[in-house]
Amino acid sequence: MIDTYLVYFRRENGSEGRDTFGATSEADARHCFKACYRHGIYTITKIQNLNQRTDEDLREITKEVL
């Protein structure tokens with residue numbers, strides 16, 4: 001089953017970002033992140049499986065993004 005993972009990361013200049021990936025596991029999400037962001041220096045700081053979150057958790061994440 002494909003889950004949606006929210007990946008938080010830090011760029012080499014210290015700013016932070018986040019992106020989502022469809023993956024079968026956390027390890028697969030890390031692999032997808034590294035494939036997409038291969039041209040810079042990024043550090044993954046946190047990964048969340050959005051399919052295992054409650055509705056309240058998703059509202060909080062949405063507030064962070066907006």
# chains A, B, ... in the order shown; residues from 1 in each chain; ligands from 1

call {"tool": "residues_around", "arguments": {"residues": "segment 48-50 of chain A", "least_positions_apart": "4", "cutoff": "7 Å", "atoms": "only C-alpha atoms", "output": "PDB file with C-alpha atoms, in the first residue's frame"}}
result
ATOM      1  CA  ASP A   3       1.184   5.948   2.032  1.00  0.00           C
ATOM      2  CA  THR A   4       1.814   9.692   1.942  1.00  0.00           C
ATOM      3  CA  TYR A   5       4.861  10.834   3.891  1.00  0.00           C
ATOM      4  CA  LEU A   6       5.580  14.412   4.885  1.00  0.00           C
ATOM      5  CA  VAL A   7       9.343  14.996   4.919  1.00  0.00           C
TER       6      VAL A   7
END

call {"tool": "residues_around", "arguments": {"residues": "Glu12 of chain A", "least_positions_apart": "3", "cutoff": "9 Å", "atoms": "only C-alpha atoms", "output": "number ranges by chain"}}
result
A: 15, 40-43

call {"tool": "select_by_dssp", "arguments": {"residues": "chain A", "states": "helix (DSSP H, G or I)", "output": "JSON, numbers by chain"}}
result
{"A": [26, 27, 28, 29, 30, 31, 32, 33, 34, 35, 36, 50, 51, 52, 55, 56, 57, 58, 59, 60, 61, 62, 63, 64, 65]}

call {"tool": "select_by_dssp", "arguments": {"residues": "segment 3-66 of chain A", "states": "strand (DSSP E or B)", "output": "MDAnalysis selection string"}}
result
chainID A and resid 3:11 16:23 42:49

call {"tool": "atom_distance", "arguments": {"atom1": "atom CA of Ala27 of chain A", "atom2": "atom CA of Glu60 of chain A"}}
result
24.4 Å

call {"tool": "closest_residue", "arguments": {"among": "A:Asn51, A:His39, A:Phe9, A:Thr45", "to": "Gly22 of chain A", "atoms": "only C-alpha atoms"}}
result
A:Asn51
